[in-house]
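Chemist: So that you have it, the file is coords-v3.txt, and it contains compact mmCIF, C-alpha atoms (C1' of nucleotides):
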# COMPACT_ATOMS: atom_id res chain seq x y z
CA MET Z 1 159.15 151.69 90.33
CA THR Z 2 160.34 155.00 88.99
CA LEU Z 3 161.14 156.48 92.38
CA VAL Z 4 159.60 153.87 94.67
CA ASN Z 5 156.77 156.36 94.78
CA ALA Z 6 154.63 159.08 93.30
CA SER Z 7 152.72 156.89 90.84
CA SER Z 8 149.12 158.05 90.63
CA ARG Z 9 147.97 154.44 90.40
CA ARG Z 10 149.75 153.79 93.66
CA LYS Z 11 148.01 156.75 95.28
CA GLU Z 12 144.66 155.33 94.32
CA LEU Z 13 145.53 151.90 95.69
CA ILE Z 14 146.54 153.52 98.96
CA ARG Z 15 143.17 155.26 99.15
CA ILE Z 16 141.35 151.96 98.63
CA ALA Z 17 143.51 150.15 101.18
CA ALA Z 18 142.89 152.92 103.71
CA ARG Z 19 139.13 152.51 103.38
CA LEU Z 20 139.37 148.77 103.98
CA PHE Z 21 141.71 149.19 106.95
CA VAL Z 22 139.14 151.46 108.59
CA VAL Z 23 136.15 149.24 107.90
CA GLU Z 24 137.73 145.87 108.69
CA GLY Z 25 140.92 146.65 110.56
CA PHE Z 26 144.40 145.87 109.28
CA ASP Z 27 144.54 142.26 110.47
CA ARG Z 28 141.19 141.29 109.00
CA THR Z 29 141.91 142.93 105.66
CA THR Z 30 143.43 140.30 103.38
CA VAL Z 31 145.49 140.98 100.29
CA ARG Z 32 142.74 139.25 98.32
CA MET Z 33 140.13 141.71 99.62
CA MET Z 34 142.30 144.65 98.65
CA ALA Z 35 143.00 143.23 95.21
CA GLN Z 36 139.30 142.68 94.57
CA GLU Z 37 138.43 146.26 95.53
CA MET Z 38 141.22 147.43 93.24
CA GLY Z 39 140.01 145.33 90.35
CA ILE Z 40 143.13 143.19 90.10
CA LYS Z 41 144.24 139.74 91.26
CA SER Z 42 145.99 139.30 94.57
CA GLY Z 43 149.34 138.46 93.01
CA SER Z 44 149.40 141.74 91.10
CA LEU Z 45 149.32 143.70 94.33
CA PHE Z 46 152.95 142.82 94.94
CA HIS Z 47 154.01 144.61 91.83
CA HIS Z 48 153.10 147.86 93.62
CA PHE Z 49 154.10 147.03 97.19
CA ARG Z 50 156.83 144.82 98.60
CA ASP Z 51 154.48 143.31 101.19
CA LYS Z 52 151.33 143.98 103.19
CA GLN Z 53 153.30 145.86 105.81
CA GLU Z 54 154.46 148.37 103.19
CA ILE Z 55 150.83 149.12 102.33
CA LEU Z 56 150.07 149.92 105.96
CA CYS Z 57 153.16 152.09 106.13
CA ALA Z 58 152.17 153.98 102.99
CA VAL Z 59 148.62 154.55 104.25
CA ILE Z 60 149.82 155.87 107.59
CA GLU Z 61 152.41 158.09 105.96
CA GLU Z 62 149.67 159.56 103.80
CA GLY Z 63 147.43 160.04 106.82
CA MET Z 64 150.02 161.79 108.95
CA HIS Z 65 151.11 163.91 106.00
CA ASN Z 66 147.56 165.09 105.32
CA ALA Z 67 146.92 165.85 108.98
CA LEU Z 68 150.15 167.80 109.30
CA ALA Z 69 149.54 169.79 106.13
CA LEU Z 70 145.96 170.67 107.03
CA ALA Z 71 146.91 171.66 110.58
CA ARG Z 72 149.69 173.96 109.37
CA LEU Z 73 147.36 175.55 106.86
CA ALA Z 74 144.69 176.09 109.49
CA LEU Z 75 147.14 177.69 111.89
CA ASP Z 76 148.52 179.98 109.18
CA GLU Z 77 145.05 181.16 108.28
CA ALA Z 78 143.82 181.59 111.86
CA SER Z 79 144.23 184.89 113.67
CA ALA Z 80 146.96 185.01 116.28
CA THR Z 81 144.83 184.81 119.44
CA PRO Z 82 145.23 181.58 121.43
CA GLY Z 83 141.48 180.92 121.25
CA ALA Z 84 141.36 181.16 117.48
CA ARG Z 85 144.42 178.97 117.10
CA LEU Z 86 142.99 176.31 119.41
CA ASP Z 87 139.75 176.39 117.51
CA ALA Z 88 141.52 176.04 114.17
CA MET Z 89 143.58 173.12 115.37
CA VAL Z 90 140.60 171.22 116.73
CA ARG Z 91 138.68 171.84 113.52
CA ALA Z 92 141.56 170.67 111.35
CA HIS Z 93 141.99 167.50 113.38
CA LEU Z 94 138.31 166.58 113.13
CA GLU Z 95 138.33 167.39 109.43
CA THR Z 96 141.07 164.90 108.60
CA LEU Z 97 139.46 162.29 110.83
CA LEU Z 98 135.83 162.62 109.79
CA THR Z 99 135.68 164.00 106.26
CA ASP Z 100 139.02 163.53 104.51
CA ARG Z 101 138.66 160.23 106.25
CA ASN Z 102 140.41 156.92 106.41
CA ALA Z 103 144.13 157.56 106.14
CA HIS Z 104 144.47 159.58 109.35
CA VAL Z 105 142.12 157.18 111.13
CA VAL Z 106 144.39 154.30 110.15
CA ALA Z 107 147.39 156.24 111.42
CA LEU Z 108 145.76 156.53 114.84
CA TYR Z 109 144.13 153.14 115.16
CA GLU Z 110 146.62 150.79 113.48
CA TRP Z 111 149.86 152.41 114.58
CA ARG Z 112 150.83 149.47 116.73
CA ARG Z 113 150.65 147.08 113.77
CA LEU Z 114 153.69 148.79 112.27
CA ASP Z 115 156.95 146.88 112.52
CA ASN Z 116 159.98 148.61 114.02
CA GLU Z 117 161.41 149.63 110.69
CA SER Z 118 158.25 151.35 109.47
CA ARG Z 119 157.69 152.93 112.84
CA SER Z 120 161.06 154.60 112.98
CA HIS Z 121 160.46 155.84 109.45
CA LEU Z 122 157.20 157.52 110.49
CA VAL Z 123 157.88 158.65 114.02
CA HIS Z 124 159.21 162.06 113.03
CA LEU Z 125 155.91 162.89 111.30
CA ARG Z 126 154.06 161.97 114.46
CA ASP Z 127 156.38 164.07 116.57
CA ALA Z 128 155.96 167.07 114.30
CA TYR Z 129 152.18 166.83 114.59
CA GLU Z 130 152.34 166.46 118.35
CA ALA Z 131 154.61 169.50 118.53
CA LEU Z 132 151.95 171.64 116.85
CA TRP Z 133 149.44 170.52 119.46
CA LYS Z 134 151.85 171.17 122.30
CA GLN Z 135 152.38 174.71 121.09
CA VAL Z 136 148.69 175.51 120.69
CA ILE Z 137 147.64 173.96 124.01
CA ASP Z 138 150.44 175.67 125.91
CA GLU Z 139 149.43 179.02 124.45
CA ALA Z 140 145.84 178.49 125.53
CA LEU Z 141 146.94 177.53 129.03
CA ASP Z 142 149.20 180.57 129.33
CA ALA Z 143 146.32 182.79 128.24
CA GLY Z 144 144.17 181.36 131.01
CA LEU Z 145 141.76 179.91 128.48
CA ILE Z 146 142.07 176.35 129.76
CA ARG Z 147 143.02 174.89 133.11
CA GLY Z 148 145.24 171.95 133.97
CA ASP Z 149 148.57 170.28 133.40
CA PRO Z 150 149.85 170.86 129.84
CA LEU Z 151 150.64 167.23 129.04
CA SER Z 152 147.43 165.85 130.53
CA VAL Z 153 145.28 168.42 128.81
CA ARG Z 154 146.86 167.63 125.47
CA ARG Z 155 146.26 163.93 125.91
CA PHE Z 156 142.69 164.37 127.08
CA VAL Z 157 141.82 166.70 124.22
CA LEU Z 158 143.35 164.42 121.63
CA GLY Z 159 141.62 161.44 123.21
CA ALA Z 160 138.23 163.13 123.07
CA LEU Z 161 138.84 163.99 119.42
CA ASN Z 162 140.25 160.65 118.34
CA TRP Z 163 137.38 158.76 119.94
CA THR Z 164 134.85 160.63 117.76
CA VAL Z 165 135.69 158.14 115.02
CA ARG Z 166 133.85 155.51 117.04
CA TRP Z 167 130.51 157.30 117.21
CA TYR Z 168 130.43 160.03 114.57
CA ASP Z 169 127.75 159.57 111.94
CA PRO Z 170 128.48 161.43 108.69
CA GLU Z 171 124.81 161.18 107.76
CA GLY Z 172 123.79 162.74 111.08
CA PRO Z 173 122.98 166.37 111.85
CA ARG Z 174 126.37 167.43 113.24
CA SER Z 175 129.25 168.68 111.12
CA PRO Z 176 132.88 168.35 112.16
CA GLU Z 177 132.96 172.14 112.57
CA SER Z 178 130.05 172.16 114.99
CA LEU Z 179 131.66 169.34 116.96
CA ALA Z 180 134.87 171.33 117.15
CA ARG Z 181 132.93 174.26 118.56
CA GLU Z 182 131.29 171.94 121.13
CA LEU Z 183 134.63 170.70 122.38
CA VAL Z 184 136.19 174.13 122.63
CA THR Z 185 133.12 175.36 124.51
CA MET Z 186 133.44 172.48 126.92
CA ILE Z 187 137.05 173.10 127.89
CA THR Z 188 137.47 176.89 127.68
CA HIS Z 189 136.83 178.97 130.77
CA ASN Z 190 137.20 182.54 129.67
CA PRO Z 191 135.44 182.92 126.32
CA SER Z 192 136.03 186.66 126.28
CA ALA Z 193 139.76 186.01 125.83
CA SER Z 194 139.22 184.19 122.56
CA MET W 1 129.27 122.41 132.05
CA THR W 2 127.34 122.60 135.30
CA LEU W 3 125.54 125.81 134.45
CA VAL W 4 127.45 126.93 131.37
CA ASN W 5 129.22 129.15 133.86
CA ALA W 6 130.61 129.95 137.27
CA SER W 7 133.48 127.44 137.21
CA SER W 8 136.47 128.99 138.93
CA ARG W 9 138.78 127.47 136.33
CA ARG W 10 136.78 129.23 133.67
CA LYS W 11 137.09 132.54 135.51
CA GLU W 12 140.84 132.18 135.55
CA LEU W 13 140.97 131.36 131.84
CA ILE W 14 138.94 134.47 131.12
CA ARG W 15 141.43 136.56 133.05
CA ILE W 16 144.30 135.14 131.03
CA ALA W 17 142.50 135.62 127.74
CA ALA W 18 141.70 139.22 128.65
CA ARG W 19 145.36 139.98 129.22
CA LEU W 20 146.30 138.56 125.83
CA PHE W 21 143.49 140.41 124.05
CA VAL W 22 144.81 143.69 125.43
CA VAL W 23 148.44 143.03 124.61
CA GLU W 24 148.00 141.49 121.16
CA GLY W 25 144.45 142.34 120.11
CA PHE W 26 141.72 139.78 119.57
CA ASP W 27 142.59 138.93 115.97
CA ARG W 28 146.26 138.38 116.64
CA THR W 29 145.65 136.25 119.72
CA THR W 30 145.55 132.62 118.58
CA VAL W 31 143.93 129.79 120.49
CA ARG W 32 147.40 128.25 120.74
CA MET W 33 148.74 131.36 122.48
CA MET W 34 145.92 131.28 124.98
CA ALA W 35 146.33 127.58 125.62
CA GLN W 36 150.04 128.00 126.26
CA GLU W 37 149.49 130.81 128.76
CA MET W 38 146.90 128.64 130.46
CA GLY W 39 149.23 125.65 130.60
CA ILE W 40 147.05 123.38 128.46
CA LYS W 41 146.96 122.26 124.83
CA SER W 42 144.96 124.18 122.27
CA GLY W 43 142.38 121.44 121.82
CA SER W 44 141.55 121.47 125.53
CA LEU W 45 140.43 125.06 125.28
CA PHE W 46 137.29 123.93 123.52
CA HIS W 47 136.24 121.94 126.51
CA HIS W 48 135.67 125.24 128.33
CA PHE W 49 134.42 127.41 125.46
CA ARG W 50 132.41 126.58 122.36
CA ASP W 51 134.64 128.71 120.14
CA LYS W 52 136.99 131.69 120.15
CA GLN W 53 134.07 134.07 119.84
CA GLU W 54 132.60 132.80 123.11
CA ILE W 55 135.86 133.65 124.88
CA LEU W 56 135.66 137.20 123.63
CA CYS W 57 132.04 137.41 124.71
CA ALA W 58 132.87 136.12 128.19
CA VAL W 59 135.73 138.57 128.61
CA ILE W 60 133.61 141.54 127.56
CA GLU W 61 130.74 140.46 129.79
CA GLU W 62 133.16 140.33 132.70
CA GLY W 63 134.56 143.73 131.79
CA MET W 64 131.19 145.45 131.54
CA HIS W 65 130.00 143.77 134.70
CA ASN W 66 133.02 144.97 136.68
CA ALA W 67 132.72 148.50 135.35
CA LEU W 68 129.02 148.67 136.17
CA ALA W 69 129.47 147.30 139.67
CA LEU W 70 132.35 149.62 140.52
CA ALA W 71 130.52 152.65 139.13
CA ARG W 72 127.40 151.91 141.17
CA LEU W 73 129.46 151.45 144.29
CA ALA W 74 131.30 154.70 143.70
CA LEU W 75 128.07 156.62 143.19
CA ASP W 76 126.52 155.12 146.31
CA GLU W 77 129.49 156.12 148.40
CA ALA W 78 129.86 159.61 146.95
CA SER W 79 128.09 162.57 148.49
CA ALA W 80 125.06 163.84 146.63
CA THR W 81 126.54 166.98 145.04
CA PRO W 82 126.90 166.87 141.24
CA GLY W 83 130.60 167.64 141.50
CA ALA W 84 131.30 164.75 143.84
CA ARG W 85 129.28 162.35 141.74
CA LEU W 86 131.07 163.36 138.55
CA ASP W 87 134.39 162.94 140.28
CA ALA W 88 133.44 159.49 141.58
CA MET W 89 132.29 158.34 138.18
CA VAL W 90 135.44 159.48 136.41
CA ARG W 91 137.57 157.85 139.08
CA ALA W 92 135.68 154.56 138.85
CA HIS W 93 135.98 154.50 135.09
CA LEU W 94 139.73 155.05 135.15
CA GLU W 95 140.10 152.47 137.90
CA THR W 96 138.53 149.66 135.84
CA LEU W 97 140.52 150.72 132.79
CA LEU W 98 143.94 151.24 134.31
CA THR W 99 144.25 149.11 137.43
CA ASP W 100 141.59 146.40 137.46
CA ARG W 101 142.76 146.25 133.90
CA ASN W 102 142.19 144.20 130.81
CA ALA W 103 138.56 143.07 130.79
CA HIS W 104 137.02 146.54 130.52
CA VAL W 105 139.69 147.55 128.03
CA VAL W 106 138.73 144.60 125.86
CA ALA W 107 135.07 145.60 126.15
CA LEU W 108 135.88 149.03 124.74
CA TYR W 109 138.48 148.17 122.14
CA GLU W 110 137.27 144.84 120.76
CA TRP W 111 133.51 145.45 120.83
CA ARG W 112 133.25 145.43 117.08
CA ARG W 113 134.72 141.95 116.85
CA LEU W 114 131.59 140.57 118.52
CA ASP W 115 129.17 138.78 116.23
CA ASN W 116 125.51 139.85 116.22
CA GLU W 117 124.42 137.19 118.66
CA SER W 118 127.00 138.07 121.31
CA ARG W 119 126.40 141.76 120.80
CA SER W 120 122.69 141.59 121.43
CA HIS W 121 123.45 139.53 124.53
CA LEU W 122 125.71 142.26 125.91
CA VAL W 123 124.11 145.44 124.69
CA HIS W 124 121.90 145.88 127.76
CA LEU W 125 124.98 145.97 130.01
CA ARG W 126 126.45 148.66 127.83
CA ASP W 127 123.22 150.65 127.91
CA ALA W 128 123.02 150.42 131.69
CA TYR W 129 126.54 151.77 132.01
CA GLU W 130 125.86 154.57 129.55
CA ALA W 131 122.71 155.46 131.50
CA LEU W 132 124.76 156.05 134.64
CA TRP W 133 126.98 158.41 132.72
CA LYS W 134 124.05 160.24 131.20
CA GLN W 135 122.60 160.84 134.63
CA VAL W 136 125.82 162.14 136.17
CA ILE W 137 126.71 164.36 133.24
CA ASP W 138 123.22 165.83 133.03
CA GLU W 139 123.29 166.65 136.74
CA ALA W 140 126.61 168.42 136.34
CA LEU W 141 125.29 170.40 133.38
CA ASP W 142 122.14 171.42 135.25
CA ALA W 143 124.25 172.57 138.17
CA GLY W 144 126.25 174.80 135.84
CA LEU W 145 129.40 172.85 136.55
CA ILE W 146 130.06 172.01 132.90
CA ARG W 147 129.08 173.67 129.65
CA GLY W 148 127.83 172.16 126.40
CA ASP W 149 125.41 169.79 124.78
CA PRO W 150 124.67 166.77 127.03
CA LEU W 151 125.29 164.09 124.44
CA SER W 152 128.45 165.67 123.03
CA VAL W 153 129.88 166.27 126.48
CA ARG W 154 129.28 162.68 127.47
CA ARG W 155 130.99 161.39 124.34
CA PHE W 156 133.94 163.73 124.65
CA VAL W 157 134.49 162.87 128.31
CA LEU W 158 134.29 159.15 127.68
CA GLY W 159 136.59 159.53 124.69
CA ALA W 160 139.20 161.37 126.74
CA LEU W 161 138.99 158.66 129.41
CA ASN W 162 139.02 155.69 127.06
CA TRP W 163 142.01 156.99 125.17
CA THR W 164 144.10 156.99 128.36
CA VAL W 165 144.65 153.28 127.75
CA ARG W 166 146.89 154.21 124.84
CA TRP W 167 149.34 156.32 126.78
CA TYR W 168 148.98 155.60 130.49
CA ASP W 169 152.07 154.14 132.13
CA PRO W 170 151.33 152.20 135.31
CA GLU W 171 154.99 152.55 136.32
CA GLY W 172 154.83 156.32 135.85
CA PRO W 173 154.24 158.99 138.48
CA ARG W 174 150.50 159.51 137.91
CA SER W 175 147.80 157.49 139.61
CA PRO W 176 144.35 156.95 138.10
CA GLU W 177 142.94 159.13 140.89
CA SER W 178 145.20 162.04 140.06
CA LEU W 179 144.29 161.68 136.39
CA ALA W 180 140.63 161.77 137.30
CA ARG W 181 141.22 165.00 139.18
CA GLU W 182 143.04 166.43 136.17
CA LEU W 183 140.14 165.74 133.86
CA VAL W 184 137.51 167.14 136.21
CA THR W 185 139.60 170.25 136.67
CA MET W 186 139.84 170.67 132.93
CA ILE W 187 136.12 170.57 132.25
CA THR W 188 134.51 172.14 135.33
CA HIS W 189 133.87 175.86 135.35
CA ASN W 190 132.56 176.60 138.79
CA PRO W 191 134.65 174.66 141.31
CA SER W 192 132.87 176.25 144.27
CA ALA W 193 129.69 174.39 143.33
CA SER W 194 131.36 171.00 143.77
C1' DA C 1 134.44 97.73 142.25
C1' DT C 2 131.85 100.64 139.36
C1' DG C 3 130.09 104.38 136.88
C1' DC C 4 130.19 109.35 136.11
C1' DT C 5 132.19 113.58 135.02
C1' DA C 6 135.35 117.35 134.39
C1' DA C 7 139.66 118.09 132.48
C1' DC C 8 143.01 117.16 129.49
C1' DC C 9 145.98 115.33 125.30
C1' DA C 10 147.68 113.71 120.58
C1' DA C 11 146.86 114.09 116.01
C1' DG C 12 145.27 116.22 112.33
C1' DC C 13 141.74 118.37 108.93
C1' DA C 14 139.97 121.98 105.92
C1' DA C 15 140.27 126.60 104.96
C1' DG C 16 142.53 130.69 104.54
C1' DC C 17 146.71 133.36 104.88
C1' DG C 18 150.83 136.19 102.75
C1' DC C 19 153.60 135.77 99.16
C1' DT C 20 156.39 133.87 94.88
C1' DA C 21 157.53 132.20 90.26
C1' DG C 22 156.89 132.28 85.71
C1' DT C 23 154.38 134.07 81.82
C1' DG C 24 151.82 137.06 78.95
C1' DT C 25 150.16 141.76 77.35
C1' DT C 26 150.22 146.46 76.29
C1' DA C 27 152.14 150.95 75.15
C1' DA C 28 155.87 153.93 74.75
C1' DT C 29 160.88 154.43 73.36
C1' DT C 30 164.73 153.59 70.54
C1' DA U 1 161.17 146.61 63.84
C1' DA U 2 163.21 145.65 68.11
C1' DT U 3 163.56 146.72 72.94
C1' DT U 4 162.05 147.94 77.19
C1' DA U 5 159.28 148.74 81.30
C1' DA U 6 154.99 148.75 83.66
C1' DC U 7 151.27 146.05 84.78
C1' DA U 8 148.61 142.13 85.06
C1' DC U 9 147.48 136.98 85.27
C1' DT U 10 147.71 131.85 86.58
C1' DA U 11 148.94 128.64 89.67
C1' DG U 12 150.28 127.20 93.74
C1' DC U 13 153.73 126.74 97.87
C1' DG U 14 154.43 126.68 102.70
C1' DC U 15 152.46 127.92 106.73
C1' DT U 16 149.03 129.17 110.33
C1' DT U 17 144.46 129.39 111.62
C1' DG U 18 140.20 127.79 114.33
C1' DC U 19 138.35 123.75 115.40
C1' DT U 20 137.28 118.39 115.63
C1' DT U 21 137.89 113.71 116.86
C1' DG U 22 138.72 109.87 119.65
C1' DG U 23 140.75 108.55 123.58
C1' DT U 24 143.04 108.96 128.49
C1' DT U 25 143.30 110.32 133.33
C1' DA U 26 142.08 111.54 138.07
C1' DG U 27 138.67 112.39 141.59
C1' DC U 28 134.37 111.28 143.62
C1' DA U 29 129.95 109.32 144.76
C1' DT U 30 127.57 105.19 144.91
Will you turn the file into structure tokens for me?

Modeler:
Amino acid sequence: MTLVNASSRRKELIRIAARLFVVEGFDRTTVRMMAQEMGIKSGSLFHHFRDKQEILCAVIEEGMHNALALARLALDEASATPGARLDAMVRAHLETLLTDRNAHVVALYEWRRLDNESRSHLVHLRDAYEALWKQVIDEALDAGLIRGDPLSVRRFVLGALNWTVRWYDPEGPRSPESLARELVTMITHNPSAS
Amino acid sequence: MTLVNASSRRKELIRIAARLFVVEGFDRTTVRMMAQEMGIKSGSLFHHFRDKQEILCAVIEEGMHNALALARLALDEASATPGARLDAMVRAHLETLLTDRNAHVVALYEWRRLDNESRSHLVHLRDAYEALWKQVIDEALDAGLIRGDPLSVRRFVLGALNWTVRWYDPEGPRSPESLARELVTMITHNPSAS
DNA sequence: ATGCTAACCAAGCAAGCGCTAGTGTTAATT
DNA sequence: AATTAACACTAGCGCTTGCTTGGTTAGCAT
């Protein structure tokens, strides 16, 4: 590998693996399944990745990277009021989960399948993303927009959002944006402040 | 089997299997692991259950049954105001997830590993539990206690609660009851009405 | 004593798993 | 024309998986 990375072929394989990990789960996805979807034989897979674990690691890295990038973009573009920033953050999170799809979902749902080495390689990405949420939630609390303990609120909000993966129907009537609006409506108490 | 059921030995095996399914996940839990925890050999397991799938089915049935029973009890004991009923329901849900432990967690997190036959055998339990939630949430909405679309609110609330399994620390300072209070505080707008 | 039954064990099978070794093949570089 | 590197294939190894088979044991009612 030129730089262990960056190959466009590799990027495409990661996309395909991510889709399978979401549909079947990591454990149930075999290297033979992945190879078939990629149009190669199972042995050839190991030319691109050291082992199955490295594929998971690459998918999750991609997922966290996308989520972080989209969240930062959304916050930069949003106006400075706490309400607008909360709204932007919720929208960005649902976007990566429900439309960009797959990679971020794998990051959330297959995290515990990572071995210690991969985990410590990815944990700083996770922390950076959590830090964005902490900032936005704390602002909203300080502005009196939401009520509750900062840590609990953050966990509840993220839980509500992450669980959407289980029931959201992309063919259905609701868009990720409208869902974002629903959630913000549910938890905000002083709409005039937004 | 006397009645395919009801053996106390079987009940105990289900408890042990549930614990393993939570810690390792269904796919990663092998029949040999279960047998070892139960103090028998792997072959003997199939005296009690037809196959691994039946164990999963039994665990989830137990989990849904417990959750349903506890929720009904909580609603019966709660006073009739929408706020009190919402509070009772949230508390009951967290109780089965975080203290009773295991079986209800498996029901939520391993549902998709059920085959079609098992699923159609369990789906009415799931529907009954969802119906309780629908009732309580709709009451709270009608009373002006919460804001939003009934279906979305129900899904968000359940998502926030179900995700607690991922981060809750039983050794930590927070009890399920205090968490329940936190969530209700976060989403209710008119505390005087409770 | 005898028969019945629930509970268990020892041994192992067939299938599927992740992964490796060795060998082309193709296209760009020297 | 020779070399190299990236990519793919064939074949299969060693291991684990869920599950089966055929038999043993202990308790209990007749």

Chemist: Could you tell me how far atom CA of Ala160 of chain Z lies from atom CA of Lys134 of chain Z, in Å and to one decimal?

Modeler: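 Interatomic distance here is 15.8 Å.
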
Chemist: For segment 50-67 of chain Z, work out the shell of residues within 10 Å, counting all atoms listed in the file and skipping chain neighbours fewer than 4 positions away, then give it as a count of residues only.

Modeler: 53

Chemist: Go ahead and compute the interatomic distance for atom CA of Arg32 of chain W and atom CA of Phe49 of chain W, in Å to one decimal.

Modeler: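 Rounded to one decimal, the two atoms are 13.8 Å apart.
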
Chemist: So which one's closest to DC13 of chain U, C:DA21, C:DC13, C:DT2, C:DA7? Using all atoms listed in the file, please.

Modeler: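 Looking only at the distances to DC13 of chain U, the closest residue turns out to be C:DA21.
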
Chemist: Within 12 Å of chain W, which residues of chain U show up when using only C-alpha atoms (C1' of nucleotides), listed as a PyMOL selection string?

Modeler: chain U and resi 16-21

Chemist: Find the distance between atom CA of Leu75 of chain Z and atom CA of Ile146 of chain Z and write it in Å to one decimal.

Modeler: 18.6 Å

Chemist: Here's a test: counting only C-alpha atoms (C1' of nucleotides), identify every protein, DNA and RNA residue with an atom at most 12 Å from (141.7, 111.3, 133.6) in the file's coordinate frame, and state them as a list in words.

Modeler: DC4, DT5, DA6, DA7, DC8 and DC9 of chain C; DG23, DT24, DT25, DA26 and DG27 of chain U
